[in-house]
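Here's the structure we're looking at; comments come further down.
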Amino acid sequence: MLALALTSVALTAPAPSAAAADGHCDRQERVRVPGAAHQRSACLADLTTTGLAGTPYTDMADQAGLTAADTRSPSGVPGVQIDGYFPDSSRFNNTHGWKHDAQFVIRLPDRWNGGLVVTGAPGTRKQYATDKAISDQVLARGYAYAATDKGNSGVDFYRDGRRPGDAIAEWNMRTTQLTRAARKAVAQRYGHAPSRTYITGISNGGYLTRWQLENHPELYDGGVDWEGALWTADGPNLLTSLPATVARMLGGARDEDLHAVGFAPGSEFLWPYHEKAYWGLTQKIYRAEFDPSYDSACPGPSAGSTTEEILAPCASDAAYDYAGRPASVHRAVARVSLSGRIGKPLITLHGDLDALLPKAADSDVYARMIEARGRGGLHRYYTVQGGTHVDGLYDTYADRLRPILPCHRSAFDALVAWVERGVRPPADHTITRPADGDVVNSCALGGDGTSER
């Protein structure tokens, strides 16, 4: 999740929407996204991935690995899509050939329910990354949808900004910026502002959900956090758990050392994949973001030019000791740290087999932070038995894993019921993995106000 999808896809334009003749896009040219430096609108017969796959209006390659192969998604949602970007000086995102960051997508369905859902890209992906995981479902429910690339993307994102921490600090700013702009665009399209605005996201998108509800609760009515990354100035954070994984990759750590920093016993069967795809890359690029002086030669000005170079760890990270690093490093992390002081309802989901962001060093800690701030009444925390960081791994380990996406869909329903009808979700608990049944498309949270998908 925190790594970039390293594949590409050829895109072709879809056929014009037949519905355009029925007048459903009459107002599309009048919708201007406030603050956008560039935008373009399209009237489309289907805003979901079923209709957009293979077109310039989504990027299926950037969604790779996020969902299980047999995931069922709704389709047939006509409306308007607006693609564009806000002013920005960085150029990591080449979607549409723009070579411009701060790109966004806003989707406005014809049949609108009065709500808006906002998200930021997971990992180092871009604005279309959660189209299947999030956009399809909420559009089918009638919500307008907005997603941002967070202002920088790709494995070299750490090069953005002038000071350590600037790139990640921009993620928060861009999410706030898009939320405000999308609310005004929605008002232009439908004649009034959304009655409800929700935020949700996966991994780094989950971090953004947490940060926004702490720092801009006035913009949202609630959120669902799907395995959000935890940043705290004194730890735990990625830089306190991942060095042990690099040490293990290089033969300098045992399984017990990973258990000691939070990796769950029983998750070992997932470690070989994470050694190849995540651990070394994630440690080096986030360490470069906050602590560039630790090893200026690795990753250096780029994480690499080949897949092998990009995924290779820095040997120096095996000995990285976040606690012993200078105060300036901790101050850089403090700029983006979470406090637990959420101001609107939040539901957190975390898999007990997450082998990238182990829940013991992440969501378990964040739940305690929320309680310590006296905001426990606004929070529900569900551990997904058999869940791991990316649902695509279910296709390889169907006998041991379960996808989190159907639980996210049920959690979103529970959030809406909580906010709009006062139906309180069930208390914190573990969502057990059933012995049989369709775990790819079904997840009952349990208790009142929840639904089985």
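Just remember, in the structure tokens the first chain shown is A, the second B, etc., residues are 1-based per chain, and ligands are 1-based in the order shown.
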
key: Contacts of Arg248 in chain A at 8 Å (only C-alpha atoms; same-chain gap of 6+ positions) as a PyMOL selection string   = chain A and resi 254-255+318

Grab the residues selected above and save them as a CSV table (one decimal), in the first residue's frame with N, CA and C atoms.
chain,number,residue,atom,x,y,z
A,254,ARG,N,15.8,-11.7,14.0
A,254,ARG,CA,15.0,-12.9,14.1
A,254,ARG,C,13.5,-12.6,14.1
A,255,ASP,N,12.7,-13.6,13.9
A,255,ASP,CA,11.3,-13.4,14.0
A,255,ASP,C,10.9,-12.7,15.2
A,318,ALA,N,19.0,-1.0,8.5
A,318,ALA,CA,19.0,-2.2,9.4
A,318,ALA,C,19.3,-1.7,10.8

key: DSSP helix (DSSP H, G or I) selection over range 219-405 of chain A, as a ChimeraX atom specification   = /A:219,238-249,255-260,268-277,279-290,307-311,315-319,322-324,327-334,359-361,363-372,376-378,391-395,405

inquiry  = Give me the residues near Gln212 in chain A as a list in words, where near means some atom within 9 Å (using only C-alpha atoms) and where sequence neighbours in that chain fewer than 2 positions away do not count.
reply    = Asn172, Thr175, Thr176, Ile199, Tyr207, Leu208, Thr209, Arg210, Glu214, Asn215, His216, Pro217, Leu219, Tyr220 and Ile342 of chain A

Please write the residues from the selection above to a file, keeping N, CA and C atoms, as an mmCIF file, in the first residue's frame.
data_model
loop_
_atom_site.group_PDB
_atom_site.id
_atom_site.type_symbol
_atom_site.label_atom_id
_atom_site.label_comp_id
_atom_site.auth_asym_id
_atom_site.auth_seq_id
_atom_site.Cartn_x
_atom_site.Cartn_y
_atom_site.Cartn_z
ATOM 1 N N ASN A 172 -1.965 16.627 3.749
ATOM 2 C CA ASN A 172 -3.070 17.121 4.572
ATOM 3 C C ASN A 172 -3.674 18.382 3.969
ATOM 4 N N THR A 175 -5.819 17.581 0.864
ATOM 5 C CA THR A 175 -7.104 16.968 1.184
ATOM 6 C C THR A 175 -8.099 18.011 1.673
ATOM 7 N N THR A 176 -7.634 18.917 2.516
ATOM 8 C CA THR A 176 -8.494 20.011 2.966
ATOM 9 C C THR A 176 -8.913 20.880 1.789
ATOM 10 N N ILE A 199 -15.417 11.417 5.014
ATOM 11 C CA ILE A 199 -14.059 11.164 4.545
ATOM 12 C C ILE A 199 -13.691 9.735 4.906
ATOM 13 N N TYR A 207 -4.736 7.558 7.234
ATOM 14 C CA TYR A 207 -4.052 8.613 7.998
ATOM 15 C C TYR A 207 -4.696 9.966 7.729
ATOM 16 N N LEU A 208 -4.971 10.269 6.460
ATOM 17 C CA LEU A 208 -5.604 11.546 6.125
ATOM 18 C C LEU A 208 -6.972 11.667 6.782
ATOM 19 N N THR A 209 -7.713 10.570 6.828
ATOM 20 C CA THR A 209 -9.017 10.578 7.490
ATOM 21 C C THR A 209 -8.863 10.958 8.954
ATOM 22 N N ARG A 210 -7.919 10.336 9.636
ATOM 23 C CA ARG A 210 -7.667 10.653 11.042
ATOM 24 C C ARG A 210 -7.278 12.124 11.207
ATOM 25 N N GLU A 214 -9.273 15.287 13.128
ATOM 26 C CA GLU A 214 -8.647 15.964 14.258
ATOM 27 C C GLU A 214 -8.515 17.464 14.017
ATOM 28 N N ASN A 215 -8.163 17.848 12.802
ATOM 29 C CA ASN A 215 -7.783 19.236 12.530
ATOM 30 C C ASN A 215 -8.830 20.058 11.792
ATOM 31 N N HIS A 216 -9.731 19.401 11.064
ATOM 32 C CA HIS A 216 -10.799 20.125 10.361
ATOM 33 C C HIS A 216 -12.138 19.411 10.501
ATOM 34 N N PRO A 217 -12.556 19.150 11.736
ATOM 35 C CA PRO A 217 -13.836 18.445 11.910
ATOM 36 C C PRO A 217 -15.031 19.234 11.386
ATOM 37 N N LEU A 219 -15.412 20.392 8.553
ATOM 38 C CA LEU A 219 -15.658 20.089 7.145
ATOM 39 C C LEU A 219 -16.385 18.765 6.939
ATOM 40 N N TYR A 220 -16.426 17.914 7.961
ATOM 41 C CA TYR A 220 -16.907 16.549 7.785
ATOM 42 C C TYR A 220 -17.954 16.188 8.836
ATOM 43 N N ILE A 342 -10.038 13.597 17.842
ATOM 44 C CA ILE A 342 -10.998 13.645 16.748
ATOM 45 C C ILE A 342 -12.213 14.481 17.169
#

ask   = In Å, how far is it from CA of Trp226 in chain A to CA of Ala69 in chain A?
value =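 Atom-to-atom, CA of Trp226 in chain A to CA of Ala69 in chain A, that is 19.2 Å.
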
Residues at most 7 Å from range 118-129 of chain A, counting only C-alpha atoms, excluding those fewer than 4 positions away in the same chain, as an mmCIF file with all heavy atoms, in the first residue's frame?
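See part.cif below for the written result:
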data_model
loop_
_atom_site.group_PDB
_atom_site.id
_atom_site.type_symbol
_atom_site.label_atom_id
_atom_site.label_comp_id
_atom_site.auth_asym_id
_atom_site.auth_seq_id
_atom_site.Cartn_x
_atom_site.Cartn_y
_atom_site.Cartn_z
ATOM 1 N N MET A 1 0.813 -1.200 0.000
ATOM 2 C CA MET A 1 0.000 0.000 0.000
ATOM 3 C C MET A 1 0.848 1.252 0.000
ATOM 4 O O MET A 1 0.582 2.205 -0.719
ATOM 5 C CB MET A 1 -0.881 0.009 1.251
ATOM 6 C CG MET A 1 -1.831 1.171 1.296
ATOM 7 S SD MET A 1 -3.085 0.994 0.047
ATOM 8 C CE MET A 1 -3.782 -0.574 0.535
ATOM 9 N N LEU A 2 1.885 1.271 0.813
ATOM 10 C CA LEU A 2 2.722 2.449 0.879
ATOM 11 C C LEU A 2 3.692 2.504 -0.290
ATOM 12 O O LEU A 2 4.383 3.482 -0.484
ATOM 13 C CB LEU A 2 3.494 2.456 2.196
ATOM 14 C CG LEU A 2 2.582 2.692 3.406
ATOM 15 C CD1 LEU A 2 3.264 2.247 4.669
ATOM 16 C CD2 LEU A 2 2.159 4.129 3.493
ATOM 17 N N ALA A 3 3.756 1.438 -1.064
ATOM 18 C CA ALA A 3 4.601 1.426 -2.249
ATOM 19 C C ALA A 3 3.765 1.735 -3.479
ATOM 20 O O ALA A 3 2.556 1.653 -3.471
ATOM 21 C CB ALA A 3 5.256 0.048 -2.404
ATOM 22 N N LEU A 4 4.449 2.076 -4.542
ATOM 23 C CA LEU A 4 3.788 2.448 -5.788
ATOM 24 C C LEU A 4 3.495 1.217 -6.623
ATOM 25 O O LEU A 4 4.273 0.288 -6.678
ATOM 26 C CB LEU A 4 4.697 3.386 -6.575
ATOM 27 C CG LEU A 4 4.225 3.842 -7.951
ATOM 28 C CD1 LEU A 4 3.051 4.793 -7.794
ATOM 29 C CD2 LEU A 4 5.355 4.519 -8.690
ATOM 30 N N ALA A 5 2.336 1.194 -7.291
ATOM 31 C CA ALA A 5 2.090 0.168 -8.290
ATOM 32 C C ALA A 5 3.043 0.429 -9.451
ATOM 33 O O ALA A 5 3.062 1.521 -10.007
ATOM 34 C CB ALA A 5 0.642 0.221 -8.766
ATOM 35 N N THR A 58 -10.004 6.612 -15.595
ATOM 36 C CA THR A 58 -9.559 5.855 -14.431
ATOM 37 C C THR A 58 -8.214 5.241 -14.790
ATOM 38 O O THR A 58 -7.726 5.387 -15.907
ATOM 39 C CB THR A 58 -10.578 4.777 -14.020
ATOM 40 O OG1 THR A 58 -10.197 4.226 -12.746
ATOM 41 C CG2 THR A 58 -10.634 3.638 -15.040
ATOM 42 N N ASP A 59 -7.600 4.556 -13.841
ATOM 43 C CA ASP A 59 -6.313 3.891 -14.066
ATOM 44 C C ASP A 59 -6.327 2.593 -13.277
ATOM 45 O O ASP A 59 -6.019 2.566 -12.086
ATOM 46 C CB ASP A 59 -5.165 4.800 -13.614
ATOM 47 C CG ASP A 59 -3.788 4.188 -13.890
ATOM 48 O OD1 ASP A 59 -3.729 3.006 -14.272
ATOM 49 O OD2 ASP A 59 -2.786 4.907 -13.722
ATOM 50 N N ASP A 62 -3.125 1.457 -11.363
ATOM 51 C CA ASP A 62 -2.804 2.084 -10.083
ATOM 52 C C ASP A 62 -3.643 1.518 -8.949
ATOM 53 O O ASP A 62 -3.387 1.803 -7.784
ATOM 54 C CB ASP A 62 -2.991 3.601 -10.181
ATOM 55 C CG ASP A 62 -2.136 4.356 -9.174
ATOM 56 O OD1 ASP A 62 -0.979 3.929 -8.953
ATOM 57 O OD2 ASP A 62 -2.617 5.348 -8.604
ATOM 58 N N GLN A 63 -4.645 0.718 -9.291
ATOM 59 C CA GLN A 63 -5.476 0.063 -8.281
ATOM 60 C C GLN A 63 -4.994 -1.353 -7.990
ATOM 61 O O GLN A 63 -5.564 -2.039 -7.135
ATOM 62 C CB GLN A 63 -6.927 0.014 -8.767
ATOM 63 C CG GLN A 63 -7.509 1.375 -9.105
ATOM 64 C CD GLN A 63 -8.817 1.288 -9.849
ATOM 65 O OE1 GLN A 63 -9.651 0.440 -9.572
ATOM 66 N NE2 GLN A 63 -9.014 2.179 -10.816
ATOM 67 N N GLN A 103 -3.275 16.727 -8.594
ATOM 68 C CA GLN A 103 -4.380 16.332 -9.454
ATOM 69 C C GLN A 103 -5.536 15.783 -8.615
ATOM 70 O O GLN A 103 -5.338 15.239 -7.531
ATOM 71 C CB GLN A 103 -3.922 15.287 -10.469
ATOM 72 C CG GLN A 103 -2.974 15.836 -11.522
ATOM 73 C CD GLN A 103 -2.793 14.890 -12.704
ATOM 74 O OE1 GLN A 103 -3.747 14.241 -13.154
ATOM 75 N NE2 GLN A 103 -1.566 14.823 -13.216
ATOM 76 N N PHE A 104 -6.728 15.928 -9.148
ATOM 77 C CA PHE A 104 -7.925 15.460 -8.455
ATOM 78 C C PHE A 104 -8.921 14.909 -9.464
ATOM 79 O O PHE A 104 -8.834 15.165 -10.667
ATOM 80 C CB PHE A 104 -8.577 16.599 -7.657
ATOM 81 C CG PHE A 104 -9.039 17.756 -8.501
ATOM 82 C CD1 PHE A 104 -10.253 17.726 -9.190
ATOM 83 C CD2 PHE A 104 -8.250 18.895 -8.628
ATOM 84 C CE1 PHE A 104 -10.670 18.786 -9.972
ATOM 85 C CE2 PHE A 104 -8.654 19.975 -9.414
ATOM 86 C CZ PHE A 104 -9.871 19.913 -10.091
ATOM 87 N N VAL A 105 -9.869 14.141 -8.963
ATOM 88 C CA VAL A 105 -11.033 13.740 -9.734
ATOM 89 C C VAL A 105 -12.268 14.001 -8.873
ATOM 90 O O VAL A 105 -12.259 13.723 -7.665
ATOM 91 C CB VAL A 105 -10.966 12.256 -10.161
ATOM 92 C CG1 VAL A 105 -10.838 11.307 -8.967
ATOM 93 C CG2 VAL A 105 -12.182 11.876 -11.003
ATOM 94 N N TYR A 145 -18.325 12.220 -5.299
ATOM 95 C CA TYR A 145 -17.057 11.623 -4.865
ATOM 96 C C TYR A 145 -15.901 12.503 -5.314
ATOM 97 O O TYR A 145 -15.918 13.052 -6.420
ATOM 98 C CB TYR A 145 -16.919 10.231 -5.486
ATOM 99 C CG TYR A 145 -15.575 9.556 -5.307
ATOM 100 C CD1 TYR A 145 -15.282 8.864 -4.146
ATOM 101 C CD2 TYR A 145 -14.612 9.597 -6.317
ATOM 102 C CE1 TYR A 145 -14.053 8.217 -3.988
ATOM 103 C CE2 TYR A 145 -13.389 8.964 -6.172
ATOM 104 C CZ TYR A 145 -13.117 8.273 -4.999
ATOM 105 O OH TYR A 145 -11.909 7.645 -4.847
ATOM 106 N N ALA A 146 -14.904 12.670 -4.440
ATOM 107 C CA ALA A 146 -13.720 13.463 -4.779
ATOM 108 C C ALA A 146 -12.481 12.778 -4.220
ATOM 109 O O ALA A 146 -12.483 12.318 -3.072
ATOM 110 C CB ALA A 146 -13.834 14.872 -4.214
ATOM 111 N N ALA A 147 -11.423 12.710 -5.040
ATOM 112 C CA ALA A 147 -10.170 12.075 -4.611
ATOM 113 C C ALA A 147 -8.986 12.908 -5.081
ATOM 114 O O ALA A 147 -9.013 13.496 -6.156
ATOM 115 C CB ALA A 147 -10.063 10.655 -5.167
ATOM 116 N N THR A 148 -7.936 12.923 -4.269
ATOM 117 C CA THR A 148 -6.726 13.690 -4.564
ATOM 118 C C THR A 148 -5.502 12.783 -4.617
ATOM 119 O O THR A 148 -5.449 11.751 -3.920
ATOM 120 C CB THR A 148 -6.491 14.781 -3.511
ATOM 121 O OG1 THR A 148 -5.206 15.398 -3.722
ATOM 122 C CG2 THR A 148 -6.512 14.233 -2.094
ATOM 123 N N ASP A 149 -4.507 13.189 -5.413
ATOM 124 C CA ASP A 149 -3.223 12.483 -5.430
ATOM 125 C C ASP A 149 -2.332 12.901 -4.266
ATOM 126 O O ASP A 149 -1.188 12.467 -4.167
ATOM 127 C CB ASP A 149 -2.499 12.694 -6.764
ATOM 128 C CG ASP A 149 -2.008 14.139 -6.961
ATOM 129 O OD1 ASP A 149 -2.246 15.004 -6.096
ATOM 130 O OD2 ASP A 149 -1.398 14.407 -8.014
ATOM 131 N N LYS A 150 -2.840 13.770 -3.399
ATOM 132 C CA LYS A 150 -2.185 14.252 -2.189
ATOM 133 C C LYS A 150 -1.107 15.306 -2.449
ATOM 134 O O LYS A 150 -0.431 15.752 -1.536
ATOM 135 C CB LYS A 150 -1.584 13.115 -1.356
ATOM 136 C CG LYS A 150 -2.529 11.971 -1.041
ATOM 137 C CD LYS A 150 -1.983 11.038 0.040
ATOM 138 C CE LYS A 150 -0.671 10.387 -0.265
ATOM 139 N NZ LYS A 150 -0.760 9.375 -1.335
ATOM 140 N N SER A 153 3.363 12.077 -5.583
ATOM 141 C CA SER A 153 3.122 10.646 -5.701
ATOM 142 C C SER A 153 4.388 9.960 -6.205
ATOM 143 O O SER A 153 5.370 10.610 -6.560
ATOM 144 C CB SER A 153 1.958 10.384 -6.673
ATOM 145 O OG SER A 153 2.229 10.935 -7.956
ATOM 146 N N GLY A 154 4.345 8.634 -6.218
ATOM 147 C CA GLY A 154 5.494 7.876 -6.683
ATOM 148 C C GLY A 154 6.550 7.686 -5.607
ATOM 149 O O GLY A 154 6.512 8.314 -4.542
ATOM 150 N N VAL A 155 7.523 6.832 -5.894
ATOM 151 C CA VAL A 155 8.520 6.468 -4.885
ATOM 152 C C VAL A 155 9.507 7.583 -4.589
ATOM 153 O O VAL A 155 10.238 7.521 -3.593
ATOM 154 C CB VAL A 155 9.267 5.187 -5.291
ATOM 155 C CG1 VAL A 155 8.324 3.999 -5.322
ATOM 156 C CG2 VAL A 155 9.963 5.363 -6.644
ATOM 157 N N THR A 175 -5.819 17.581 0.864
ATOM 158 C CA THR A 175 -7.104 16.968 1.184
ATOM 159 C C THR A 175 -8.099 18.011 1.673
ATOM 160 O O THR A 175 -9.273 18.018 1.265
ATOM 161 C CB THR A 175 -6.918 15.863 2.234
ATOM 162 O OG1 THR A 175 -5.938 14.916 1.767
ATOM 163 C CG2 THR A 175 -8.222 15.136 2.497
ATOM 164 N N THR A 179 -11.525 19.107 -0.350
ATOM 165 C CA THR A 179 -12.826 19.029 0.323
ATOM 166 C C THR A 179 -13.588 20.332 0.179
ATOM 167 O O THR A 179 -14.778 20.349 -0.182
ATOM 168 C CB THR A 179 -12.638 18.685 1.806
ATOM 169 O OG1 THR A 179 -11.957 17.430 1.931
ATOM 170 C CG2 THR A 179 -13.980 18.588 2.510
ATOM 171 N N TYR A 198 -18.493 13.036 4.118
ATOM 172 C CA TYR A 198 -17.749 11.982 4.808
ATOM 173 C C TYR A 198 -16.357 11.860 4.192
ATOM 174 O O TYR A 198 -16.147 12.145 3.019
ATOM 175 C CB TYR A 198 -18.479 10.645 4.687
ATOM 176 C CG TYR A 198 -19.836 10.638 5.344
ATOM 177 C CD1 TYR A 198 -21.005 10.689 4.580
ATOM 178 C CD2 TYR A 198 -19.954 10.581 6.725
ATOM 179 C CE1 TYR A 198 -22.257 10.688 5.180
ATOM 180 C CE2 TYR A 198 -21.206 10.584 7.340
ATOM 181 C CZ TYR A 198 -22.350 10.634 6.557
ATOM 182 O OH TYR A 198 -23.585 10.640 7.160
ATOM 183 N N ILE A 199 -15.417 11.417 5.014
ATOM 184 C CA ILE A 199 -14.059 11.164 4.545
ATOM 185 C C ILE A 199 -13.691 9.735 4.906
ATOM 186 O O ILE A 199 -14.066 9.215 5.970
ATOM 187 C CB ILE A 199 -13.043 12.172 5.136
ATOM 188 C CG1 ILE A 199 -11.651 11.921 4.548
ATOM 189 C CG2 ILE A 199 -13.039 12.148 6.670
ATOM 190 C CD1 ILE A 199 -10.659 13.049 4.809
ATOM 191 N N THR A 200 -12.975 9.093 3.999
ATOM 192 C CA THR A 200 -12.531 7.725 4.239
ATOM 193 C C THR A 200 -11.276 7.479 3.425
ATOM 194 O O THR A 200 -10.966 8.235 2.503
ATOM 195 C CB THR A 200 -13.634 6.708 3.870
ATOM 196 O OG1 THR A 200 -13.223 5.392 4.274
ATOM 197 C CG2 THR A 200 -13.930 6.718 2.373
ATOM 198 N N GLY A 201 -10.540 6.427 3.757
ATOM 199 C CA GLY A 201 -9.329 6.140 3.001
ATOM 200 C C GLY A 201 -8.609 4.915 3.508
ATOM 201 O O GLY A 201 -8.863 4.428 4.620
ATOM 202 N N ILE A 202 -7.705 4.430 2.665
ATOM 203 C CA ILE A 202 -6.926 3.233 2.945
ATOM 204 C C ILE A 202 -5.478 3.626 3.211
ATOM 205 O O ILE A 202 -4.900 4.424 2.480
ATOM 206 C CB ILE A 202 -6.954 2.272 1.739
ATOM 207 C CG1 ILE A 202 -8.386 1.970 1.306
ATOM 208 C CG2 ILE A 202 -6.203 0.983 2.048
ATOM 209 C CD1 ILE A 202 -8.470 1.231 -0.025
ATOM 210 N N SER A 203 -4.856 3.080 4.258
ATOM 211 C CA SER A 203 -3.434 3.270 4.541
ATOM 212 C C SER A 203 -3.119 4.764 4.711
ATOM 213 O O SER A 203 -3.587 5.381 5.658
ATOM 214 C CB SER A 203 -2.603 2.616 3.440
ATOM 215 O OG SER A 203 -1.244 2.564 3.786
ATOM 216 N N ASN A 204 -2.361 5.363 3.793
ATOM 217 C CA ASN A 204 -2.135 6.800 3.909
ATOM 218 C C ASN A 204 -3.441 7.576 3.808
ATOM 219 O O ASN A 204 -3.577 8.658 4.391
ATOM 220 C CB ASN A 204 -1.158 7.280 2.834
ATOM 221 C CG ASN A 204 0.279 6.962 3.193
ATOM 222 O OD1 ASN A 204 0.632 6.809 4.364
ATOM 223 N ND2 ASN A 204 1.136 6.845 2.182
ATOM 224 N N GLY A 205 -4.415 7.032 3.066
ATOM 225 C CA GLY A 205 -5.735 7.648 3.035
ATOM 226 C C GLY A 205 -6.433 7.544 4.381
ATOM 227 O O GLY A 205 -7.213 8.426 4.753
ATOM 228 N N LEU A 208 -4.971 10.269 6.460
ATOM 229 C CA LEU A 208 -5.604 11.546 6.125
ATOM 230 C C LEU A 208 -6.972 11.667 6.782
ATOM 231 O O LEU A 208 -7.357 12.754 7.225
ATOM 232 C CB LEU A 208 -5.739 11.677 4.612
ATOM 233 C CG LEU A 208 -4.440 11.813 3.824
ATOM 234 C CD1 LEU A 208 -4.709 11.711 2.324
ATOM 235 C CD2 LEU A 208 -3.747 13.123 4.132
#

ask   = Which residues come within 10 Å of Ser195 in chain A, counting only C-alpha atoms, excluding same-chain residues fewer than 6 positions away, as a PyMOL selection string?
value = chain A and resi 113-116+183+221

With all heavy atoms retained, could you export that selection as a tab-separated table (two decimals), in the first residue's frame?
chain	number	residue	atom	x	y	z
A	113	ASN	N	-27.75	11.83	-3.76
A	113	ASN	CA	-28.44	11.66	-2.48
A	113	ASN	C	-28.20	12.81	-1.52
A	113	ASN	O	-28.64	12.77	-0.37
A	113	ASN	CB	-28.05	10.33	-1.83
A	113	ASN	CG	-26.60	10.31	-1.35
A	113	ASN	OD1	-25.86	11.29	-1.45
A	113	ASN	ND2	-26.17	9.17	-0.81
A	114	GLY	N	-27.45	13.84	-1.95
A	114	GLY	CA	-27.20	14.99	-1.09
A	114	GLY	C	-25.88	14.93	-0.35
A	114	GLY	O	-25.55	15.87	0.38
A	115	GLY	N	-25.10	13.84	-0.53
A	115	GLY	CA	-23.86	13.69	0.22
A	115	GLY	C	-22.61	13.75	-0.66
A	115	GLY	O	-22.68	13.71	-1.88
A	116	LEU	N	-21.48	13.85	0.01
A	116	LEU	CA	-20.16	13.89	-0.64
A	116	LEU	C	-19.21	13.00	0.14
A	116	LEU	O	-19.19	13.03	1.37
A	116	LEU	CB	-19.62	15.32	-0.67
A	116	LEU	CG	-18.15	15.53	-1.05
A	116	LEU	CD1	-17.90	15.14	-2.50
A	116	LEU	CD2	-17.73	16.98	-0.80
A	183	ARG	N	-16.99	20.67	-2.23
A	183	ARG	CA	-18.27	21.08	-1.66
A	183	ARG	C	-18.88	22.22	-2.49
A	183	ARG	O	-20.09	22.25	-2.74
A	183	ARG	CB	-18.09	21.52	-0.21
A	183	ARG	CG	-17.86	20.36	0.76
A	183	ARG	CD	-17.53	20.84	2.17
A	183	ARG	NE	-18.57	21.71	2.68
A	183	ARG	CZ	-19.68	21.29	3.28
A	183	ARG	NH1	-19.90	19.98	3.43
A	183	ARG	NH2	-20.58	22.13	3.74
A	221	ASP	N	-18.72	15.16	8.50
A	221	ASP	CA	-19.68	14.60	9.45
A	221	ASP	C	-19.21	13.30	10.07
A	221	ASP	O	-19.80	12.83	11.04
A	221	ASP	CB	-21.03	14.40	8.74
A	221	ASP	CG	-21.64	15.72	8.32
A	221	ASP	OD1	-22.23	16.41	9.19
A	221	ASP	OD2	-21.52	16.09	7.14

key: For CA of Trp171 in chain A and CA of Leu108 in chain A, the interatomic separation in Å (one decimal)   = 23.3 Å

request  = Write out as a list in words each polymer residue whose atoms come within 12 Å of Gly374 in chain A, counting only C-alpha atoms; drop sequence neighbours fewer than 2 positions from it.
outcome  =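 In the requested format, the answer is Ser339, Gly340, Arg341, Ile342, Gly343, Ala367, Arg368, Met369, Ile370, Glu371, Ala372, Gly376, Gly377, Leu378 and His379 of chain A.
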
inquiry  = Applying 10 Å and only C-alpha atoms, which residues near Ile168 in chain A remain after dropping the ones on its own chain fewer than 5 positions away? List them as a PyMOL selection string.
reply    = chain A and resi 150-152+157-158+160-161+173+204+208+286+289-290+333+335-336

inquiry  = Quick check for you: according to DSSP on this backbone, which residues of range 67-246 of chain A are classed as strand (DSSP E)? Reply as an MDAnalysis selection string.
reply    = chainID A and resid 79:85 103:109 115:120 144:148 196:202 222:226

task = Check the smallest atom-to-atom distance from each of A:Val384, A:Ala411, A:Val419, A:Ala181 to Val439 in chain A using only C-alpha atoms, then report the winner.
result =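 Among the listed residues, the smallest separation from Val439 in chain A belongs to A:Val384.
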
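With only C-alpha atoms as the atoms that count, the minimum distance from Thr383 in chain A to the choices A:Lys359, A:His350, A:Arg409, A:Lys344 is reached by A:His350.
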